[in-house]
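Engineer: Below is one structure. I have some questions about it.
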Amino acid sequence: MNEVVSVRNVTKSFHDKHAVKDASFSINKGEVVAILGPNGAGKTTTISMILGLLHPSSGEVKLFNQQPSDKKVREKIGTMLQEVSVMHGLKVREILDLVRQYYPNPLSLEELIAFTGLTESDLKTRAEKLSGGQKRRLSFALSLSGNPELIILDEPTVGMDITSRNRFWKTIQKLADKGKTIIFTTHYLQEADDVAKRIILFNKGSIIADGTPSEIKARLSNQYVSFNSNSEAINKLYGHSVISHIFEKNDRFFVQTDNTDAVLALLFKENIGAYNIQIEQGKLEEAFEQLTAEHKEVI
């Protein structure tokens with residue numbers, strides 16, 4: 001079976017307010033998917049329904065073609081939520097040994113150490129004495145303890161320094177290379193651009209975009225053509241209707257436009273000696289802001 005997650009016409013209401021409205025998507029084995037959106041868009045509610053922590057008001061969520069609450073399903077899932085809560089009085093090593101025993105095919109302690117960067121000092125520290133960074137490493141290790149097929153991470157790098165964040169995403173890439181299915185939310189859009197193969201964008205409870213980072217960035221109404229050229233020759237481009245703006249950065253010229261093909265034709269027509277020509281897809285941040293501001297369906 002290739003389909004790991006199935007969300008069909010799911011709505012979740014709290015009193016009279018829709019947190020999620022008629023959301024539908026599926027995620028296949030081995031996909032790395034980022035669920036993005038502004039605060040209150042429905043990301044965490046959707047994650048909670050996938051995990052079986054919340055039940056949809058209508059619609060259906062299935063994991064591995066079964067209910068999220070099924071014991072066999074839970075044995076295949078690892079999760080790292082925003083809030084880290086661990087049992088006081090136990091050392092990190094003891095907590096990991098305890099949790100690993102709940103699974104039929106857990107990762108070894110050595111594998112967890114290799115994946116998460118836990119140190120010997122971390123393993124000997126009692127839970128109540130852990131620093132914020134140590135708690136995040138422990139939470140990540142707990143999410144991997146059962147050797148899960150599906151890993152769900154809700155804002156996993158909040159509070160991490162740059163070094164820890166880079167190490168974390170390298171580990172995620174290793175897990176993806178092993179065929180794990182990974183779903184994560186993040187406010188760091190560069191992480192989604194770098195790591196995710198697919199982005200599902202929520203706004204006001206609805207899915208407004210679903211595609212690869214490149215496909216979503218391509219929805220920008222304004223894109224750029226960049227190139228090297230003689231500073232004086234660039235004057236030939238001013239005044240053409242297909243060009244919105246021209247600026248120079250790092251010895252390259254950037255032409256803003258909503259028609260890159262027309263700009264390419266113009267460069268050759270005006271013979272300005274352009275070279276090293278590239279079409280810039282724009283930034284995910286720009287697409288994110290534009291799509292959420294439009295409040296319209298684009299999938």
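We name chains A, B, ... following the order of the structure tokens; residues begin at 1 in each chain, and ligands are numbered from 1 as shown.
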Can you tell me, as an MDAnalysis selection string, which residues in region 77-238 of chain A count as strand (DSSP E or B) by DSSP?

Structural biologist: chainID A and resid 77:80 91 126 150:154 181:185 198:203 206:211 223:228

Engineer: Tell me, as a PyMOL selection string, which residues lie within 6 Å of region 124-129 of chain A, counting only C-alpha atoms; anything in the same chain fewer than 3 positions away does not count.

Structural biologist: chain A and resi 88+90-91+121

Engineer: Pull N, CA and C atoms from the residues just selected and write them as a JSON list (two decimals), in the first residue's frame.

Structural biologist:
```
[["chain", "number", "residue", "atom", "x", "y", "z"],
["A", 88, "HIS", "N", 9.46, 13.36, 35.18],
["A", 88, "HIS", "CA", 10.48, 13.77, 36.15],
["A", 88, "HIS", "C", 10.92, 12.57, 36.99],
["A", 90, "LEU", "N", 13.33, 10.51, 36.30],
["A", 90, "LEU", "CA", 14.05, 9.51, 35.52],
["A", 90, "LEU", "C", 15.15, 10.19, 34.70],
["A", 91, "LYS", "N", 16.24, 9.46, 34.47],
["A", 91, "LYS", "CA", 17.29, 9.93, 33.60],
["A", 91, "LYS", "C", 16.87, 9.72, 32.15],
["A", 121, "SER", "N", 26.51, 12.83, 28.63],
["A", 121, "SER", "CA", 26.04, 13.70, 29.70],
["A", 121, "SER", "C", 24.52, 13.84, 29.67]]
```

Engineer: Tell me which protein, DNA and RNA residues are within 8 Å of region 81-87 of chain A, counting only C-alpha atoms, leaving out same-chain ones fewer than 4 positions away, and put them as a list of chain:residue names.

Structural biologist: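 Near neighbours after the sequence-gap exclusion: A:Ile95, A:Ala127, A:Glu128, A:Lys135, A:Arg136, A:Ser139, A:Leu153, A:Asp154, A:Glu155, A:Pro156, A:Val158.
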
Engineer: Next, the residues of the selection above should be written as a PDB file, in the first residue's frame with N, CA and C atoms.

Structural biologist:
```pdb
ATOM      1  N   ILE A  95      14.329   6.934  30.463  1.00  0.00           N
ATOM      2  CA  ILE A  95      13.107   7.284  29.723  1.00  0.00           C
ATOM      3  C   ILE A  95      13.108   6.609  28.353  1.00  0.00           C
ATOM      4  N   ALA A 127      15.325  14.211  33.950  1.00  0.00           N
ATOM      5  CA  ALA A 127      14.441  14.974  33.064  1.00  0.00           C
ATOM      6  C   ALA A 127      14.198  16.394  33.550  1.00  0.00           C
ATOM      7  N   GLU A 128      14.008  16.562  34.867  1.00  0.00           N
ATOM      8  CA  GLU A 128      13.678  17.886  35.394  1.00  0.00           C
ATOM      9  C   GLU A 128      14.856  18.855  35.349  1.00  0.00           C
ATOM     10  N   LYS A 135      15.950  19.023  26.077  1.00  0.00           N
ATOM     11  CA  LYS A 135      14.573  18.537  25.995  1.00  0.00           C
ATOM     12  C   LYS A 135      14.153  18.302  24.543  1.00  0.00           C
ATOM     13  N   ARG A 136      14.591  19.204  23.644  1.00  0.00           N
ATOM     14  CA  ARG A 136      14.244  19.031  22.228  1.00  0.00           C
ATOM     15  C   ARG A 136      14.913  17.776  21.675  1.00  0.00           C
ATOM     16  N   SER A 139      13.000  14.828  23.017  1.00  0.00           N
ATOM     17  CA  SER A 139      11.708  14.710  22.339  1.00  0.00           C
ATOM     18  C   SER A 139      11.871  14.104  20.950  1.00  0.00           C
ATOM     19  N   LEU A 153       6.116  16.003  12.840  1.00  0.00           N
ATOM     20  CA  LEU A 153       6.894  16.970  13.619  1.00  0.00           C
ATOM     21  C   LEU A 153       6.204  18.327  13.574  1.00  0.00           C
ATOM     22  N   ASP A 154       5.772  18.823  14.729  1.00  0.00           N
ATOM     23  CA  ASP A 154       5.071  20.104  14.802  1.00  0.00           C
ATOM     24  C   ASP A 154       6.032  21.167  15.329  1.00  0.00           C
ATOM     25  N   GLU A 155       6.464  22.063  14.448  1.00  0.00           N
ATOM     26  CA  GLU A 155       7.434  23.112  14.789  1.00  0.00           C
ATOM     27  C   GLU A 155       8.651  22.524  15.503  1.00  0.00           C
ATOM     28  N   PRO A 156       9.336  21.566  14.895  1.00  0.00           N
ATOM     29  CA  PRO A 156      10.381  20.829  15.611  1.00  0.00           C
ATOM     30  C   PRO A 156      11.624  21.632  15.963  1.00  0.00           C
ATOM     31  N   VAL A 158      11.836  24.931  16.808  1.00  0.00           N
ATOM     32  CA  VAL A 158      11.649  26.109  17.664  1.00  0.00           C
ATOM     33  C   VAL A 158      12.592  26.021  18.862  1.00  0.00           C
TER      34      VAL A 158
END
```

Engineer: Would you pick out the contacts of Met49 (chain A) at 12 Å or less, using only C-alpha atoms, so that residues sharing its chain but fewer than 2 positions from it are not included, and give the list as a VMD selection string?

Structural biologist: chain A and resid 5 to 8 10 to 13 19 to 20 23 42 to 47 51 to 63 67 to 69 152

Engineer: Go ahead and save the residues from that selection, with C-alpha atoms, as a CSV table (one decimal), in the first residue's frame.

Structural biologist:
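This is the output file result_33.csv:
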```csv
chain,number,residue,atom,x,y,z
A,5,VAL,CA,-2.2,9.4,5.1
A,6,SER,CA,-5.7,10.0,3.8
A,7,VAL,CA,-7.6,13.2,4.8
A,8,ARG,CA,-11.0,13.3,3.1
A,10,VAL,CA,-12.4,17.0,6.9
A,11,THR,CA,-13.9,19.8,8.9
A,12,LYS,CA,-13.2,20.6,12.5
A,13,SER,CA,-15.3,23.1,14.3
A,19,ALA,CA,-10.6,25.6,12.5
A,20,VAL,CA,-10.4,23.4,9.4
A,23,ALA,CA,-9.7,19.7,3.8
A,42,GLY,CA,-5.4,25.2,10.9
A,43,LYS,CA,-2.0,23.5,10.8
A,44,THR,CA,-1.9,22.2,14.4
A,45,THR,CA,-5.5,21.2,14.3
A,46,THR,CA,-4.9,19.1,11.2
A,47,ILE,CA,-1.9,17.5,12.7
A,51,LEU,CA,-2.6,11.8,15.2
A,52,GLY,CA,-6.1,11.0,16.5
A,53,LEU,CA,-5.8,13.5,19.3
A,54,LEU,CA,-8.8,15.3,17.9
A,55,HIS,CA,-11.8,13.9,16.0
A,56,PRO,CA,-13.1,15.6,12.9
A,57,SER,CA,-16.5,17.2,13.1
A,58,SER,CA,-17.1,15.7,9.6
A,59,GLY,CA,-15.0,13.8,7.1
A,60,GLU,CA,-12.5,11.1,7.6
A,61,VAL,CA,-8.8,10.6,8.5
A,62,LYS,CA,-7.1,7.3,7.9
A,63,LEU,CA,-3.5,6.2,8.4
A,67,GLN,CA,-8.2,4.6,12.1
A,68,PRO,CA,-5.4,6.8,13.7
A,69,SER,CA,-6.4,5.4,17.2
A,152,ILE,CA,5.1,13.9,12.4
```

Engineer: What is the distance between CA of Gln101 (chain A) and CA of Leu123 (chain A), in Å to one decimal?

Structural biologist: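 For CA of Gln101 (chain A) relative to CA of Leu123 (chain A), the distance reads 17.1 Å.
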
Engineer: Can you tell me how far CA of Asn228 (chain A) sits from CA of Ala262 (chain A), in Å to one decimal?

Structural biologist: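 Value for the CA of Asn228 (chain A)-CA of Ala262 (chain A) distance: 17.9 Å.
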
Engineer: Any idea what's packed within 9 Å of region 171-178 of chain A, counting only C-alpha atoms, ignoring anything in its chain fewer than 4 positions away? Could you give it as a PDB file with all heavy atoms, in the first residue's frame?

Structural biologist:
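That gives us out.pdb:
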```pdb
ATOM      1  N   GLY A  30       7.144   7.641   1.778  1.00  0.00           N
ATOM      2  CA  GLY A  30       8.408   8.251   1.384  1.00  0.00           C
ATOM      3  C   GLY A  30       8.347   9.733   1.093  1.00  0.00           C
ATOM      4  O   GLY A  30       9.387  10.356   0.850  1.00  0.00           O
ATOM      5  N   GLU A  31       7.168  10.345   1.138  1.00  0.00           N
ATOM      6  CA  GLU A  31       7.068  11.786   0.881  1.00  0.00           C
ATOM      7  C   GLU A  31       7.541  12.586   2.096  1.00  0.00           C
ATOM      8  O   GLU A  31       7.362  12.176   3.243  1.00  0.00           O
ATOM      9  CB  GLU A  31       5.621  12.186   0.559  1.00  0.00           C
ATOM     10  CG  GLU A  31       5.168  11.847  -0.834  1.00  0.00           C
ATOM     11  CD  GLU A  31       3.903  12.611  -1.216  1.00  0.00           C
ATOM     12  OE1 GLU A  31       2.804  12.129  -0.906  1.00  0.00           O
ATOM     13  OE2 GLU A  31       4.030  13.693  -1.819  1.00  0.00           O
ATOM     14  N   VAL A  32       8.137  13.740   1.829  1.00  0.00           N
ATOM     15  CA  VAL A  32       8.499  14.702   2.872  1.00  0.00           C
ATOM     16  C   VAL A  32       7.649  15.943   2.622  1.00  0.00           C
ATOM     17  O   VAL A  32       7.844  16.665   1.638  1.00  0.00           O
ATOM     18  CB  VAL A  32       9.994  15.055   2.833  1.00  0.00           C
ATOM     19  CG1 VAL A  32      10.335  16.047   3.940  1.00  0.00           C
ATOM     20  CG2 VAL A  32      10.843  13.796   2.968  1.00  0.00           C
ATOM     21  N   PHE A 115      21.325   9.380  15.620  1.00  0.00           N
ATOM     22  CA  PHE A 115      20.364  10.220  14.900  1.00  0.00           C
ATOM     23  C   PHE A 115      20.165  11.581  15.551  1.00  0.00           C
ATOM     24  O   PHE A 115      19.970  12.579  14.861  1.00  0.00           O
ATOM     25  CB  PHE A 115      19.006   9.519  14.811  1.00  0.00           C
ATOM     26  CG  PHE A 115      18.882   8.545  13.666  1.00  0.00           C
ATOM     27  CD1 PHE A 115      18.391   7.268  13.865  1.00  0.00           C
ATOM     28  CD2 PHE A 115      19.236   8.909  12.375  1.00  0.00           C
ATOM     29  CE1 PHE A 115      18.264   6.365  12.820  1.00  0.00           C
ATOM     30  CE2 PHE A 115      19.120   8.026  11.311  1.00  0.00           C
ATOM     31  CZ  PHE A 115      18.642   6.746  11.541  1.00  0.00           C
ATOM     32  N   THR A 116      20.186  11.641  16.874  1.00  0.00           N
ATOM     33  CA  THR A 116      19.758  12.853  17.575  1.00  0.00           C
ATOM     34  C   THR A 116      20.875  13.676  18.190  1.00  0.00           C
ATOM     35  O   THR A 116      20.640  14.815  18.594  1.00  0.00           O
ATOM     36  CB  THR A 116      18.771  12.479  18.697  1.00  0.00           C
ATOM     37  OG1 THR A 116      19.437  11.619  19.633  1.00  0.00           O
ATOM     38  CG2 THR A 116      17.560  11.759  18.127  1.00  0.00           C
ATOM     39  N   ASN A 166      20.633  22.721  11.836  1.00  0.00           N
ATOM     40  CA  ASN A 166      21.242  22.099  10.652  1.00  0.00           C
ATOM     41  C   ASN A 166      21.423  20.598  10.849  1.00  0.00           C
ATOM     42  O   ASN A 166      21.174  19.804   9.928  1.00  0.00           O
ATOM     43  CB  ASN A 166      22.590  22.756  10.351  1.00  0.00           C
ATOM     44  CG  ASN A 166      22.447  24.166   9.823  1.00  0.00           C
ATOM     45  OD1 ASN A 166      21.399  24.537   9.295  1.00  0.00           O
ATOM     46  ND2 ASN A 166      23.486  24.969   9.947  1.00  0.00           N
ATOM     47  N   ARG A 167      21.868  20.210  12.043  1.00  0.00           N
ATOM     48  CA  ARG A 167      22.048  18.788  12.336  1.00  0.00           C
ATOM     49  C   ARG A 167      20.709  18.063  12.296  1.00  0.00           C
ATOM     50  O   ARG A 167      20.598  16.946  11.778  1.00  0.00           O
ATOM     51  CB  ARG A 167      22.694  18.605  13.706  1.00  0.00           C
ATOM     52  CG  ARG A 167      22.969  17.133  14.068  1.00  0.00           C
ATOM     53  CD  ARG A 167      23.726  17.016  15.376  1.00  0.00           C
ATOM     54  NE  ARG A 167      23.008  17.653  16.458  1.00  0.00           N
ATOM     55  CZ  ARG A 167      23.583  18.319  17.445  1.00  0.00           C
ATOM     56  NH1 ARG A 167      24.891  18.485  17.482  1.00  0.00           N
ATOM     57  NH2 ARG A 167      22.852  18.870  18.407  1.00  0.00           N
ATOM     58  N   ILE A 182       7.481  11.675   6.121  1.00  0.00           N
ATOM     59  CA  ILE A 182       7.710  12.738   7.106  1.00  0.00           C
ATOM     60  C   ILE A 182       6.778  13.912   6.829  1.00  0.00           C
ATOM     61  O   ILE A 182       6.701  14.412   5.700  1.00  0.00           O
ATOM     62  CB  ILE A 182       9.176  13.206   7.069  1.00  0.00           C
ATOM     63  CG1 ILE A 182      10.108  12.034   7.433  1.00  0.00           C
ATOM     64  CG2 ILE A 182       9.397  14.373   8.030  1.00  0.00           C
ATOM     65  CD1 ILE A 182      11.552  12.265   7.114  1.00  0.00           C
ATOM     66  N   VAL A 195      13.909  21.516   2.569  1.00  0.00           N
ATOM     67  CA  VAL A 195      13.727  20.126   2.996  1.00  0.00           C
ATOM     68  C   VAL A 195      12.535  19.444   2.339  1.00  0.00           C
ATOM     69  O   VAL A 195      12.623  18.291   1.915  1.00  0.00           O
ATOM     70  CB  VAL A 195      13.585  20.045   4.536  1.00  0.00           C
ATOM     71  CG1 VAL A 195      13.369  18.609   4.991  1.00  0.00           C
ATOM     72  CG2 VAL A 195      14.819  20.638   5.216  1.00  0.00           C
TER      73      VAL A 195
END
```

Engineer: Find the residues near Glu232 (chain A): any atom within 12 Å, counting only C-alpha atoms, skip ones fewer than 6 places away on the same chain, and give them as a list in words.

Structural biologist: Tyr238, Phe253, Ile272, Gly273 and Ala274 of chain A

Engineer: Write a file of the just-selected residues containing N, CA, C and O atoms, as an mmCIF file, in the first residue's frame.

Structural biologist:
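That gives us selection36.cif:
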```
data_model
loop_
_atom_site.group_PDB
_atom_site.id
_atom_site.type_symbol
_atom_site.label_atom_id
_atom_site.label_comp_id
_atom_site.auth_asym_id
_atom_site.auth_seq_id
_atom_site.Cartn_x
_atom_site.Cartn_y
_atom_site.Cartn_z
ATOM 1 N N TYR A 238 14.656 50.397 -20.014
ATOM 2 C CA TYR A 238 13.689 51.242 -19.306
ATOM 3 C C TYR A 238 12.567 51.689 -20.240
ATOM 4 O O TYR A 238 12.794 51.977 -21.409
ATOM 5 N N PHE A 253 22.031 42.331 -12.670
ATOM 6 C CA PHE A 253 20.799 43.095 -12.836
ATOM 7 C C PHE A 253 19.604 42.168 -12.673
ATOM 8 O O PHE A 253 19.613 41.033 -13.156
ATOM 9 N N ILE A 272 21.759 43.975 -25.501
ATOM 10 C CA ILE A 272 22.476 44.688 -24.438
ATOM 11 C C ILE A 272 23.669 43.887 -23.914
ATOM 12 O O ILE A 272 24.292 44.270 -22.932
ATOM 13 N N GLY A 273 23.950 42.767 -24.564
ATOM 14 C CA GLY A 273 25.109 41.978 -24.144
ATOM 15 C C GLY A 273 24.891 41.224 -22.850
ATOM 16 O O GLY A 273 25.837 41.011 -22.070
ATOM 17 N N ALA A 274 23.658 40.802 -22.592
ATOM 18 C CA ALA A 274 23.352 40.061 -21.360
ATOM 19 C C ALA A 274 23.958 38.666 -21.423
ATOM 20 O O ALA A 274 23.918 38.005 -22.462
#
```

Engineer: Determine the nearest neighbour of Leu189 (chain A) from the options A:Asp161, A:Ser131, A:Pro213, A:Thr260, counting only C-alpha atoms.

Structural biologist: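 Under the stated criterion, the closest residue is A:Pro213.
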
Engineer: What gap, in Å, lies between CA of Pro106 (chain A) and CA of Leu130 (chain A)?

Structural biologist: 23.8 Å

Engineer: Enumerate, as a PyMOL selection string, the complete set of residues in region 143-269 of chain A that a backbone-based DSSP assignment places in alpha helix (DSSP H).

Structural biologist: chain A and resi 143-144+162-177+189-195+213-217+260-269

Engineer: Please produce a file of those selected residues containing N, CA and C atoms, as a compact mmCIF listing (two decimals), in the first residue's frame.

Structural biologist:
```txt
# COMPACT_ATOMS: atom_id res chain seq x y z
N SER A 143 10.48 10.45 19.55
CA SER A 143 9.67 10.30 18.33
C SER A 143 10.22 9.21 17.41
N LEU A 144 11.52 8.90 17.54
CA LEU A 144 12.14 7.89 16.68
C LEU A 144 12.27 6.54 17.37
N ILE A 162 21.36 27.52 15.42
CA ILE A 162 21.58 27.22 14.01
C ILE A 162 22.28 25.87 13.82
N THR A 163 23.28 25.59 14.66
CA THR A 163 24.01 24.32 14.55
C THR A 163 23.09 23.13 14.79
N SER A 164 22.28 23.21 15.83
CA SER A 164 21.34 22.13 16.15
C SER A 164 20.30 21.97 15.05
N ARG A 165 19.86 23.10 14.50
CA ARG A 165 18.85 23.05 13.45
C ARG A 165 19.41 22.38 12.19
N ASN A 166 20.63 22.72 11.84
CA ASN A 166 21.24 22.10 10.65
C ASN A 166 21.42 20.60 10.85
N ARG A 167 21.87 20.21 12.04
CA ARG A 167 22.05 18.79 12.34
C ARG A 167 20.71 18.06 12.30
N PHE A 168 19.67 18.70 12.82
CA PHE A 168 18.34 18.10 12.83
C PHE A 168 17.87 17.80 11.41
N TRP A 169 18.00 18.76 10.50
CA TRP A 169 17.48 18.56 9.14
C TRP A 169 18.34 17.57 8.36
N LYS A 170 19.61 17.46 8.67
CA LYS A 170 20.43 16.43 8.05
C LYS A 170 19.95 15.05 8.47
N THR A 171 19.55 14.93 9.74
CA THR A 171 19.00 13.66 10.22
C THR A 171 17.68 13.35 9.52
N ILE A 172 16.84 14.35 9.35
CA ILE A 172 15.57 14.15 8.65
C ILE A 172 15.81 13.67 7.23
N GLN A 173 16.83 14.22 6.58
CA GLN A 173 17.15 13.79 5.22
C GLN A 173 17.59 12.33 5.21
N LYS A 174 18.37 11.92 6.21
CA LYS A 174 18.79 10.52 6.30
C LYS A 174 17.58 9.60 6.47
N LEU A 175 16.63 10.03 7.30
CA LEU A 175 15.42 9.24 7.52
C LEU A 175 14.59 9.16 6.25
N ALA A 176 14.52 10.28 5.53
CA ALA A 176 13.79 10.28 4.25
C ALA A 176 14.44 9.34 3.25
N ASP A 177 15.77 9.32 3.25
CA ASP A 177 16.50 8.42 2.35
C ASP A 177 16.22 6.95 2.66
N LEU A 189 10.29 29.41 6.79
CA LEU A 189 9.94 29.03 5.43
C LEU A 189 11.13 28.52 4.64
N GLN A 190 12.34 28.97 4.99
CA GLN A 190 13.51 28.47 4.29
C GLN A 190 13.70 26.98 4.55
N GLU A 191 13.33 26.52 5.75
CA GLU A 191 13.40 25.10 6.05
C GLU A 191 12.49 24.31 5.12
N ALA A 192 11.28 24.80 4.94
CA ALA A 192 10.33 24.12 4.05
C ALA A 192 10.86 24.10 2.62
N ASP A 193 11.45 25.20 2.19
CA ASP A 193 12.00 25.29 0.83
C ASP A 193 13.15 24.31 0.64
N ASP A 194 13.99 24.18 1.65
CA ASP A 194 15.18 23.34 1.56
C ASP A 194 14.88 21.86 1.71
N VAL A 195 13.91 21.52 2.57
CA VAL A 195 13.73 20.13 3.00
C VAL A 195 12.53 19.44 2.34
N PRO A 213 7.77 23.08 -3.72
CA PRO A 213 8.16 24.47 -3.48
C PRO A 213 8.30 25.27 -4.78
N SER A 214 8.86 24.65 -5.81
CA SER A 214 9.02 25.36 -7.09
C SER A 214 7.67 25.71 -7.70
N GLU A 215 6.72 24.78 -7.63
CA GLU A 215 5.39 25.04 -8.20
C GLU A 215 4.69 26.17 -7.45
N ILE A 216 4.85 26.20 -6.14
CA ILE A 216 4.20 27.26 -5.37
C ILE A 216 4.86 28.61 -5.62
N LYS A 217 6.18 28.62 -5.72
CA LYS A 217 6.87 29.88 -6.02
C LYS A 217 6.52 30.38 -7.43
N THR A 260 8.24 36.47 -18.09
CA THR A 260 9.67 36.24 -18.26
C THR A 260 10.04 35.97 -19.72
N ASP A 261 9.16 35.31 -20.46
CA ASP A 261 9.45 35.04 -21.88
C ASP A 261 9.61 36.34 -22.66
N ALA A 262 8.74 37.31 -22.39
CA ALA A 262 8.82 38.60 -23.08
C ALA A 262 10.11 39.33 -22.74
N VAL A 263 10.54 39.23 -21.48
CA VAL A 263 11.79 39.89 -21.07
C VAL A 263 12.98 39.23 -21.76
N LEU A 264 13.00 37.91 -21.85
CA LEU A 264 14.08 37.21 -22.54
C LEU A 264 14.17 37.66 -24.00
N ALA A 265 13.01 37.76 -24.65
CA ALA A 265 12.99 38.21 -26.04
C ALA A 265 13.51 39.64 -26.16
N LEU A 266 13.16 40.47 -25.17
CA LEU A 266 13.58 41.87 -25.17
C LEU A 266 15.10 42.00 -24.99
N LEU A 267 15.69 41.15 -24.17
CA LEU A 267 17.13 41.20 -23.96
C LEU A 267 17.89 40.98 -25.27
N PHE A 268 17.41 40.03 -26.06
CA PHE A 268 18.09 39.76 -27.33
C PHE A 268 17.76 40.82 -28.38
N LYS A 269 16.53 41.32 -28.35
CA LYS A 269 16.14 42.36 -29.31
C LYS A 269 16.96 43.63 -29.12
```

Engineer: Which of these, A:Leu284, A:Ile27, A:Met80, A:Val225, has the shortest distance to Thr157 (chain A) once you count only C-alpha atoms?

Structural biologist: A:Met80

Engineer: Choose the residue, out of A:Ala114, A:Pro38, A:Phe25, A:Asp70, that has the smallest atom-to-atom separation from Glu285 (chain A); count only C-alpha atoms.

Structural biologist: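 Using only C-alpha atoms, the shortest distance to Glu285 (chain A) belongs to A:Pro38.
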